[in-house]
>>> print(open('model26.txt').read())   # compact mmCIF, N, CA and C atoms
# COMPACT_ATOMS: atom_id res chain seq x y z
N MET A 145 89.50 99.87 7.62
CA MET A 145 88.91 99.37 8.82
C MET A 145 87.93 100.41 9.34
N THR A 146 86.74 99.96 9.63
CA THR A 146 85.73 100.88 10.10
C THR A 146 85.91 101.10 11.59
N THR A 147 85.24 102.10 12.09
CA THR A 147 85.33 102.45 13.50
C THR A 147 84.78 101.35 14.37
N GLU A 148 83.69 100.76 13.92
CA GLU A 148 83.07 99.68 14.69
C GLU A 148 84.00 98.47 14.74
N THR A 149 84.62 98.13 13.67
CA THR A 149 85.53 96.99 13.62
C THR A 149 86.76 97.28 14.47
N HIS A 150 87.25 98.48 14.37
CA HIS A 150 88.42 98.91 15.16
C HIS A 150 88.09 98.85 16.67
N SER A 151 86.89 99.25 17.04
CA SER A 151 86.45 99.23 18.43
C SER A 151 86.36 97.81 18.95
N ARG A 152 85.83 96.90 18.13
CA ARG A 152 85.74 95.49 18.53
C ARG A 152 87.13 94.89 18.70
N THR A 153 88.03 95.22 17.80
CA THR A 153 89.40 94.71 17.86
C THR A 153 90.09 95.23 19.12
N SER A 154 89.89 96.50 19.44
CA SER A 154 90.48 97.09 20.65
C SER A 154 89.91 96.45 21.90
N ASN A 155 88.60 96.25 21.92
CA ASN A 155 87.96 95.60 23.06
C ASN A 155 88.46 94.17 23.24
N ALA A 156 88.64 93.48 22.12
CA ALA A 156 89.12 92.10 22.18
C ALA A 156 90.56 92.08 22.72
N LYS A 157 91.38 93.03 22.25
CA LYS A 157 92.76 93.08 22.73
C LYS A 157 92.81 93.42 24.21
N ILE A 158 91.99 94.35 24.64
CA ILE A 158 91.94 94.73 26.05
C ILE A 158 91.46 93.55 26.89
N SER A 159 90.45 92.86 26.39
CA SER A 159 89.93 91.70 27.11
C SER A 159 91.00 90.61 27.20
N GLU A 160 91.72 90.40 26.11
CA GLU A 160 92.79 89.40 26.09
C GLU A 160 93.90 89.79 27.08
N ALA A 161 94.25 91.08 27.10
CA ALA A 161 95.29 91.56 28.02
C ALA A 161 94.85 91.38 29.47
N LEU A 162 93.59 91.68 29.75
CA LEU A 162 93.07 91.51 31.11
C LEU A 162 93.07 90.04 31.52
N ASP A 163 92.72 89.17 30.59
CA ASP A 163 92.76 87.73 30.88
C ASP A 163 94.17 87.28 31.20
N LEU A 164 95.14 87.77 30.42
CA LEU A 164 96.55 87.43 30.69
C LEU A 164 96.99 87.94 32.06
N LEU A 165 96.61 89.16 32.41
CA LEU A 165 96.96 89.73 33.72
C LEU A 165 96.33 88.93 34.85
N ASN A 166 95.07 88.55 34.70
CA ASN A 166 94.40 87.76 35.73
C ASN A 166 95.06 86.40 35.91
N GLU A 167 95.44 85.79 34.79
CA GLU A 167 96.11 84.49 34.87
C GLU A 167 97.47 84.62 35.56
N ALA A 168 98.22 85.66 35.21
CA ALA A 168 99.53 85.88 35.85
C ALA A 168 99.35 86.18 37.34
N ALA A 169 98.32 86.93 37.70
CA ALA A 169 98.06 87.25 39.10
C ALA A 169 97.73 85.99 39.89
N ARG A 170 96.93 85.10 39.28
CA ARG A 170 96.61 83.84 39.96
C ARG A 170 97.87 83.00 40.17
N GLU A 171 98.73 82.95 39.16
CA GLU A 171 99.96 82.16 39.26
C GLU A 171 100.90 82.74 40.31
N LYS A 172 100.98 84.04 40.38
CA LYS A 172 101.92 84.69 41.30
C LYS A 172 101.29 84.99 42.66
N GLY A 173 100.02 84.72 42.84
CA GLY A 173 99.33 85.03 44.09
C GLY A 173 99.96 84.36 45.29
N ASP A 174 100.21 83.06 45.18
CA ASP A 174 100.82 82.34 46.31
C ASP A 174 102.21 82.86 46.60
N GLU A 175 102.95 83.14 45.54
CA GLU A 175 104.30 83.66 45.72
C GLU A 175 104.28 85.03 46.42
N LEU A 176 103.35 85.87 46.01
CA LEU A 176 103.22 87.19 46.64
C LEU A 176 102.80 87.06 48.11
N LYS A 177 101.88 86.14 48.39
CA LYS A 177 101.45 85.93 49.78
C LYS A 177 102.63 85.49 50.63
N GLY A 178 103.46 84.58 50.10
CA GLY A 178 104.64 84.13 50.83
C GLY A 178 105.61 85.27 51.10
N LEU A 179 105.84 86.11 50.10
CA LEU A 179 106.74 87.25 50.28
C LEU A 179 106.21 88.23 51.32
N MET A 180 104.91 88.49 51.26
CA MET A 180 104.32 89.44 52.20
C MET A 180 104.34 88.88 53.62
N SER A 181 104.05 87.58 53.78
CA SER A 181 104.05 87.02 55.12
C SER A 181 105.46 87.00 55.69
N ASN A 182 106.47 86.75 54.85
CA ASN A 182 107.86 86.80 55.33
C ASN A 182 108.24 88.22 55.74
N LYS A 183 107.80 89.18 54.97
CA LYS A 183 108.11 90.58 55.28
C LYS A 183 107.49 90.97 56.62
N TYR A 184 106.24 90.59 56.82
CA TYR A 184 105.56 90.96 58.05
C TYR A 184 105.99 90.09 59.22
N ALA A 185 106.54 88.92 58.95
CA ALA A 185 107.04 88.06 60.03
C ALA A 185 108.17 88.76 60.76
N HIS A 186 109.03 89.46 60.03
CA HIS A 186 110.13 90.20 60.66
C HIS A 186 109.59 91.31 61.57
N ILE A 187 108.55 91.95 61.11
CA ILE A 187 107.96 93.02 61.92
C ILE A 187 107.33 92.43 63.19
N LYS A 188 106.64 91.28 63.04
CA LYS A 188 106.05 90.63 64.20
C LYS A 188 107.12 90.23 65.21
N GLU A 189 108.22 89.67 64.71
CA GLU A 189 109.31 89.27 65.61
C GLU A 189 109.89 90.47 66.34
N ALA A 190 110.08 91.58 65.61
CA ALA A 190 110.62 92.78 66.23
C ALA A 190 109.67 93.32 67.29
N MET A 191 108.38 93.30 67.01
CA MET A 191 107.40 93.79 67.98
C MET A 191 107.35 92.88 69.21
N ALA A 192 107.43 91.57 68.99
CA ALA A 192 107.41 90.63 70.12
C ALA A 192 108.64 90.85 71.00
N ALA A 193 109.79 91.06 70.36
CA ALA A 193 111.01 91.33 71.13
C ALA A 193 110.87 92.63 71.91
N GLY A 194 110.25 93.64 71.30
CA GLY A 194 110.04 94.91 71.99
C GLY A 194 109.12 94.76 73.19
N VAL A 195 108.08 93.97 73.03
CA VAL A 195 107.15 93.73 74.14
C VAL A 195 107.86 93.00 75.28
N ASP A 196 108.65 91.98 74.93
CA ASP A 196 109.40 91.24 75.96
C ASP A 196 110.36 92.16 76.69
N HIS A 197 111.05 93.01 75.95
CA HIS A 197 111.99 93.95 76.58
C HIS A 197 111.23 94.92 77.48
N GLY A 198 110.08 95.39 77.02
CA GLY A 198 109.28 96.31 77.83
C GLY A 198 108.82 95.67 79.13
N LYS A 199 108.42 94.39 79.06
CA LYS A 199 108.01 93.68 80.27
C LYS A 199 109.17 93.54 81.25
N GLU A 200 110.35 93.27 80.71
CA GLU A 200 111.53 93.13 81.58
C GLU A 200 111.89 94.46 82.25
N VAL A 201 111.83 95.53 81.48
CA VAL A 201 112.11 96.86 82.04
C VAL A 201 111.09 97.21 83.11
N LEU A 202 109.82 96.89 82.87
CA LEU A 202 108.77 97.16 83.85
C LEU A 202 109.01 96.37 85.14
N LYS A 203 109.42 95.11 85.00
CA LYS A 203 109.70 94.29 86.18
C LYS A 203 110.85 94.88 86.99
N HIS A 204 111.93 95.32 86.31
CA HIS A 204 113.06 95.92 87.01
C HIS A 204 112.64 97.23 87.69
N THR A 205 111.80 98.00 87.02
CA THR A 205 111.32 99.26 87.60
C THR A 205 110.48 98.99 88.83
N GLN A 206 109.61 97.99 88.76
CA GLN A 206 108.78 97.65 89.92
C GLN A 206 109.64 97.15 91.07
N ASP A 207 110.66 96.34 90.76
CA ASP A 207 111.56 95.86 91.81
C ASP A 207 112.29 97.02 92.47
N PHE A 208 112.76 97.97 91.66
CA PHE A 208 113.46 99.14 92.19
C PHE A 208 112.52 99.99 93.06
N ALA A 209 111.29 100.18 92.59
CA ALA A 209 110.31 100.97 93.36
C ALA A 209 110.00 100.29 94.69
N GLN A 210 109.83 98.98 94.68
CA GLN A 210 109.54 98.25 95.91
C GLN A 210 110.71 98.35 96.88
N GLU A 211 111.93 98.26 96.35
CA GLU A 211 113.12 98.39 97.20
C GLU A 211 113.19 99.79 97.82
N SER A 212 112.88 100.81 97.03
CA SER A 212 112.88 102.19 97.53
C SER A 212 111.82 102.38 98.60
N ILE A 213 110.65 101.80 98.39
CA ILE A 213 109.57 101.90 99.39
C ILE A 213 109.99 101.23 100.69
N ASN A 214 110.60 100.06 100.58
CA ASN A 214 111.05 99.35 101.79
C ASN A 214 112.11 100.14 102.54
N GLN A 215 113.06 100.76 101.81
CA GLN A 215 114.08 101.57 102.45
C GLN A 215 113.46 102.79 103.13
N GLY A 216 112.50 103.43 102.45
CA GLY A 216 111.81 104.58 103.03
C GLY A 216 111.04 104.20 104.29
N LYS A 217 110.38 103.03 104.26
CA LYS A 217 109.63 102.56 105.42
C LYS A 217 110.57 102.33 106.60
N GLU A 218 111.73 101.72 106.33
CA GLU A 218 112.71 101.48 107.41
C GLU A 218 113.20 102.80 107.99
N LYS A 219 113.44 103.80 107.14
CA LYS A 219 113.93 105.10 107.60
C LYS A 219 112.86 105.80 108.46
N VAL A 220 111.59 105.72 108.04
CA VAL A 220 110.50 106.33 108.81
C VAL A 220 110.39 105.66 110.18
N ILE A 221 110.49 104.35 110.21
CA ILE A 221 110.40 103.62 111.49
C ILE A 221 111.56 104.03 112.40
N GLU A 222 112.75 104.18 111.82
CA GLU A 222 113.93 104.60 112.60
C GLU A 222 113.74 106.00 113.18
N ILE A 223 113.27 106.93 112.35
CA ILE A 223 113.05 108.31 112.81
C ILE A 223 111.95 108.35 113.86
N ALA A 224 110.87 107.61 113.65
CA ALA A 224 109.78 107.57 114.63
C ALA A 224 110.27 107.03 115.97
N GLY A 225 111.13 106.03 115.94
CA GLY A 225 111.70 105.48 117.18
C GLY A 225 112.54 106.52 117.91
N ASP A 226 113.35 107.29 117.15
CA ASP A 226 114.16 108.35 117.76
C ASP A 226 113.29 109.44 118.39
N VAL A 227 112.24 109.85 117.67
CA VAL A 227 111.33 110.87 118.19
C VAL A 227 110.63 110.36 119.45
N ASP A 228 110.19 109.12 119.43
CA ASP A 228 109.52 108.52 120.59
C ASP A 228 110.43 108.54 121.82
N LYS A 229 111.70 108.19 121.63
CA LYS A 229 112.65 108.21 122.75
C LYS A 229 112.84 109.62 123.29
N ARG A 230 112.96 110.61 122.39
CA ARG A 230 113.16 112.00 122.83
C ARG A 230 111.93 112.53 123.57
N VAL A 231 110.72 112.21 123.05
CA VAL A 231 109.49 112.68 123.69
C VAL A 231 109.34 112.06 125.08
N HIS A 232 109.66 110.80 125.23
CA HIS A 232 109.57 110.15 126.54
C HIS A 232 110.62 110.68 127.51
N LYS A 233 111.75 111.12 126.98
CA LYS A 233 112.82 111.65 127.84
C LYS A 233 112.45 113.03 128.37
N ASP A 234 111.89 113.91 127.52
CA ASP A 234 111.55 115.27 127.94
C ASP A 234 110.25 115.69 127.27
N PRO A 235 109.07 115.28 127.79
CA PRO A 235 107.80 115.51 127.10
C PRO A 235 107.35 116.97 127.12
N TRP A 236 107.72 117.76 128.14
CA TRP A 236 107.19 119.11 128.26
C TRP A 236 107.66 120.02 127.13
N VAL A 237 108.83 119.81 126.61
CA VAL A 237 109.32 120.63 125.48
C VAL A 237 108.40 120.41 124.26
N TYR A 238 108.05 119.18 124.01
CA TYR A 238 107.20 118.87 122.84
C TYR A 238 105.76 119.32 123.07
N ILE A 239 105.28 119.24 124.30
CA ILE A 239 103.93 119.74 124.61
C ILE A 239 103.87 121.24 124.39
N ALA A 240 104.90 121.96 124.84
CA ALA A 240 104.95 123.42 124.66
C ALA A 240 105.06 123.76 123.17
N GLY A 241 105.86 123.00 122.43
CA GLY A 241 105.99 123.24 120.98
C GLY A 241 104.68 123.02 120.27
N ALA A 242 103.95 121.97 120.62
CA ALA A 242 102.66 121.69 119.99
C ALA A 242 101.65 122.78 120.33
N ALA A 243 101.67 123.27 121.57
CA ALA A 243 100.75 124.35 121.98
C ALA A 243 101.07 125.63 121.21
N ALA A 244 102.37 125.96 121.08
CA ALA A 244 102.76 127.17 120.36
C ALA A 244 102.36 127.07 118.89
N ALA A 245 102.57 125.91 118.27
CA ALA A 245 102.21 125.74 116.86
C ALA A 245 100.69 125.84 116.68
N SER A 246 99.93 125.29 117.62
CA SER A 246 98.47 125.37 117.54
C SER A 246 97.99 126.80 117.69
N LEU A 247 98.60 127.54 118.61
CA LEU A 247 98.24 128.94 118.82
C LEU A 247 98.53 129.76 117.56
N LEU A 248 99.70 129.55 116.96
CA LEU A 248 100.07 130.27 115.74
C LEU A 248 99.13 129.92 114.59
N LEU A 249 98.80 128.66 114.42
CA LEU A 249 97.90 128.23 113.36
C LEU A 249 96.51 128.83 113.57
N GLY A 250 96.01 128.82 114.80
CA GLY A 250 94.71 129.42 115.10
C GLY A 250 94.70 130.91 114.81
N TYR A 251 95.78 131.59 115.13
CA TYR A 251 95.88 133.03 114.87
C TYR A 251 95.84 133.30 113.36
N LEU A 252 96.61 132.50 112.60
CA LEU A 252 96.65 132.71 111.14
C LEU A 252 95.30 132.44 110.49
N ILE A 253 94.62 131.39 110.91
CA ILE A 253 93.31 131.07 110.35
C ILE A 253 92.31 132.15 110.72
N GLY A 254 92.35 132.63 111.99
CA GLY A 254 91.42 133.68 112.43
C GLY A 254 91.71 135.00 111.76
N ALA A 255 92.95 135.29 111.46
CA ALA A 255 93.31 136.57 110.82
C ALA A 255 92.81 136.61 109.38
N LYS A 256 92.74 135.52 108.71
CA LYS A 256 92.29 135.50 107.31
C LYS A 256 90.80 135.72 107.19
N ARG A 257 90.04 135.44 108.23
CA ARG A 257 88.58 135.60 108.18
C ARG A 257 88.17 137.05 108.31
N LYS A 258 88.96 137.85 108.96
CA LYS A 258 88.58 139.25 109.22
C LYS A 258 88.76 140.14 108.05
>>> encode(input="model26.txt", output="structure tokens")
Amino acid sequence: MTTETHSRTSNAKISEALDLLNEAAREKGDELKGLMSNKYAHIKEAMAAGVDHGKEVLKHTQDFAQESINQGKEKVIEIAGDVDKRVHKDPWVYIAGAAAASLLLGYLIGAKRK
């Protein structure tokens, strides 16, 4: 067998093998697509469940934050009412305290400039 004949025979065999592989790939293509879509369907379902769980956690967190804000607002209103009553009962103590705090703040600010 000459080299040229051997080369043609090898090329023919390779071509035949490639044709067989292409035919098998075409036959199994739909089956492979089905397997891949089933595999990724599980991942999609898991991700969708994760997103739903995340939304629920976010909703509970927002509800908790809103409840905390409302409780804080009620506490501030209660404290402000108590302070208002005390100031109306004895205003001169608070006026003197505000004057003393202003004097101290003015002194500290003026001392830093020198």
>>> axis_aligned_box(input="model26.txt", around="stretch 221-240 of chain A", padding_each_side="3 Å", output="AutoDock Vina command-line options")
--center_x 109.0 --center_y 113.7 --center_z 119.3 --size_x 16.3 --size_y 26.1 --size_z 24.2
>>> atom_distance(input="model26.txt", atom1="atom N of A:Ala243", atom2="atom C of A:Lys219")
24.5 Å
>>> atom_distance(input="model26.txt", atom1="atom CA of A:Lys203", atom2="atom CA of A:Gly216")
19.9 Å
>>> atom_distance(input="model26.txt", atom1="atom C of A:Ile213", atom2="atom CA of A:Lys229")
23.3 Å
>>> decode(input="model26.txt", residues="stretch 180-191 of chain A", atoms="all heavy atoms", output="mmCIF file, in the first residue's frame")
data_model
loop_
_atom_site.group_PDB
_atom_site.id
_atom_site.type_symbol
_atom_site.label_atom_id
_atom_site.label_comp_id
_atom_site.auth_asym_id
_atom_site.auth_seq_id
_atom_site.Cartn_x
_atom_site.Cartn_y
_atom_site.Cartn_z
ATOM 1 N N MET A 180 -30.813 18.333 29.829
ATOM 2 C CA MET A 180 -30.260 19.599 30.296
ATOM 3 C C MET A 180 -31.362 20.509 30.842
ATOM 4 O O MET A 180 -31.180 21.159 31.869
ATOM 5 C CB MET A 180 -29.513 20.307 29.162
ATOM 6 C CG MET A 180 -28.259 19.582 28.713
ATOM 7 S SD MET A 180 -27.062 19.367 30.026
ATOM 8 C CE MET A 180 -26.401 21.003 30.095
ATOM 9 N N SER A 181 -32.515 20.546 30.161
ATOM 10 C CA SER A 181 -33.586 21.414 30.645
ATOM 11 C C SER A 181 -34.125 20.907 31.975
ATOM 12 O O SER A 181 -34.464 21.694 32.856
ATOM 13 C CB SER A 181 -34.698 21.542 29.613
ATOM 14 O OG SER A 181 -35.356 20.302 29.441
ATOM 15 N N ASN A 182 -34.190 19.580 32.159
ATOM 16 C CA ASN A 182 -34.622 19.032 33.455
ATOM 17 C C ASN A 182 -33.621 19.376 34.546
ATOM 18 O O ASN A 182 -34.002 19.700 35.668
ATOM 19 C CB ASN A 182 -34.788 17.513 33.371
ATOM 20 C CG ASN A 182 -36.016 17.113 32.581
ATOM 21 O OD1 ASN A 182 -36.926 17.914 32.400
ATOM 22 N ND2 ASN A 182 -36.034 15.882 32.098
ATOM 23 N N LYS A 183 -32.356 19.301 34.219
ATOM 24 C CA LYS A 183 -31.319 19.609 35.201
ATOM 25 C C LYS A 183 -31.412 21.072 35.631
ATOM 26 O O LYS A 183 -31.365 21.384 36.806
ATOM 27 C CB LYS A 183 -29.941 19.316 34.607
ATOM 28 C CG LYS A 183 -28.808 19.527 35.563
ATOM 29 C CD LYS A 183 -27.484 19.150 34.929
ATOM 30 C CE LYS A 183 -26.347 19.312 35.894
ATOM 31 N NZ LYS A 183 -25.061 18.915 35.312
ATOM 32 N N TYR A 184 -31.586 21.952 34.663
ATOM 33 C CA TYR A 184 -31.651 23.370 34.977
ATOM 34 C C TYR A 184 -33.003 23.766 35.550
ATOM 35 O O TYR A 184 -33.115 24.782 36.221
ATOM 36 C CB TYR A 184 -31.296 24.211 33.752
ATOM 37 C CG TYR A 184 -29.833 24.089 33.390
ATOM 38 C CD1 TYR A 184 -29.435 23.573 32.172
ATOM 39 C CD2 TYR A 184 -28.856 24.474 34.291
ATOM 40 C CE1 TYR A 184 -28.092 23.454 31.859
ATOM 41 C CE2 TYR A 184 -27.515 24.355 33.984
ATOM 42 C CZ TYR A 184 -27.144 23.844 32.763
ATOM 43 O OH TYR A 184 -25.820 23.730 32.460
ATOM 44 N N ALA A 185 -34.027 22.969 35.316
ATOM 45 C CA ALA A 185 -35.342 23.260 35.898
ATOM 46 C C ALA A 185 -35.269 23.199 37.413
ATOM 47 O O ALA A 185 -35.881 24.019 38.108
ATOM 48 C CB ALA A 185 -36.388 22.277 35.369
ATOM 49 N N HIS A 186 -34.502 22.251 37.947
ATOM 50 C CA HIS A 186 -34.343 22.144 39.399
ATOM 51 C C HIS A 186 -33.640 23.388 39.955
ATOM 52 O O HIS A 186 -34.014 23.896 41.009
ATOM 53 C CB HIS A 186 -33.552 20.888 39.766
ATOM 54 C CG HIS A 186 -34.218 19.611 39.368
ATOM 55 N ND1 HIS A 186 -35.437 19.224 39.863
ATOM 56 C CD2 HIS A 186 -33.837 18.644 38.506
ATOM 57 C CE1 HIS A 186 -35.777 18.072 39.340
ATOM 58 N NE2 HIS A 186 -34.824 17.693 38.495
ATOM 59 N N ILE A 187 -32.666 23.858 39.225
ATOM 60 C CA ILE A 187 -31.952 25.060 39.675
ATOM 61 C C ILE A 187 -32.889 26.266 39.644
ATOM 62 O O ILE A 187 -32.903 27.075 40.568
ATOM 63 C CB ILE A 187 -30.700 25.298 38.796
ATOM 64 C CG1 ILE A 187 -29.691 24.171 39.021
ATOM 65 C CG2 ILE A 187 -30.064 26.639 39.096
ATOM 66 C CD1 ILE A 187 -28.518 24.192 38.068
ATOM 67 N N LYS A 188 -33.699 26.374 38.571
ATOM 68 C CA LYS A 188 -34.656 27.478 38.487
ATOM 69 C C LYS A 188 -35.646 27.437 39.643
ATOM 70 O O LYS A 188 -35.968 28.460 40.239
ATOM 71 C CB LYS A 188 -35.424 27.416 37.162
ATOM 72 C CG LYS A 188 -34.699 27.948 35.977
ATOM 73 C CD LYS A 188 -35.611 27.891 34.766
ATOM 74 C CE LYS A 188 -34.959 28.447 33.535
ATOM 75 N NZ LYS A 188 -35.839 28.383 32.372
ATOM 76 N N GLU A 189 -36.144 26.239 39.946
ATOM 77 C CA GLU A 189 -37.099 26.102 41.050
ATOM 78 C C GLU A 189 -36.461 26.507 42.375
ATOM 79 O O GLU A 189 -37.088 27.192 43.185
ATOM 80 C CB GLU A 189 -37.607 24.660 41.132
ATOM 81 C CG GLU A 189 -38.521 24.262 39.990
ATOM 82 C CD GLU A 189 -38.840 22.774 39.985
ATOM 83 O OE1 GLU A 189 -38.459 22.068 40.940
ATOM 84 O OE2 GLU A 189 -39.468 22.320 39.021
ATOM 85 N N ALA A 190 -35.215 26.067 42.594
ATOM 86 C CA ALA A 190 -34.527 26.420 43.830
ATOM 87 C C ALA A 190 -34.312 27.928 43.924
ATOM 88 O O ALA A 190 -34.494 28.525 44.994
ATOM 89 C CB ALA A 190 -33.183 25.688 43.916
ATOM 90 N N MET A 191 -33.954 28.557 42.821
ATOM 91 C CA MET A 191 -33.740 30.003 42.833
ATOM 92 C C MET A 191 -35.051 30.746 43.064
ATOM 93 O O MET A 191 -35.089 31.729 43.809
ATOM 94 C CB MET A 191 -33.082 30.452 41.530
ATOM 95 C CG MET A 191 -31.641 30.009 41.414
ATOM 96 S SD MET A 191 -30.869 30.509 39.876
ATOM 97 C CE MET A 191 -30.751 32.264 40.133
#
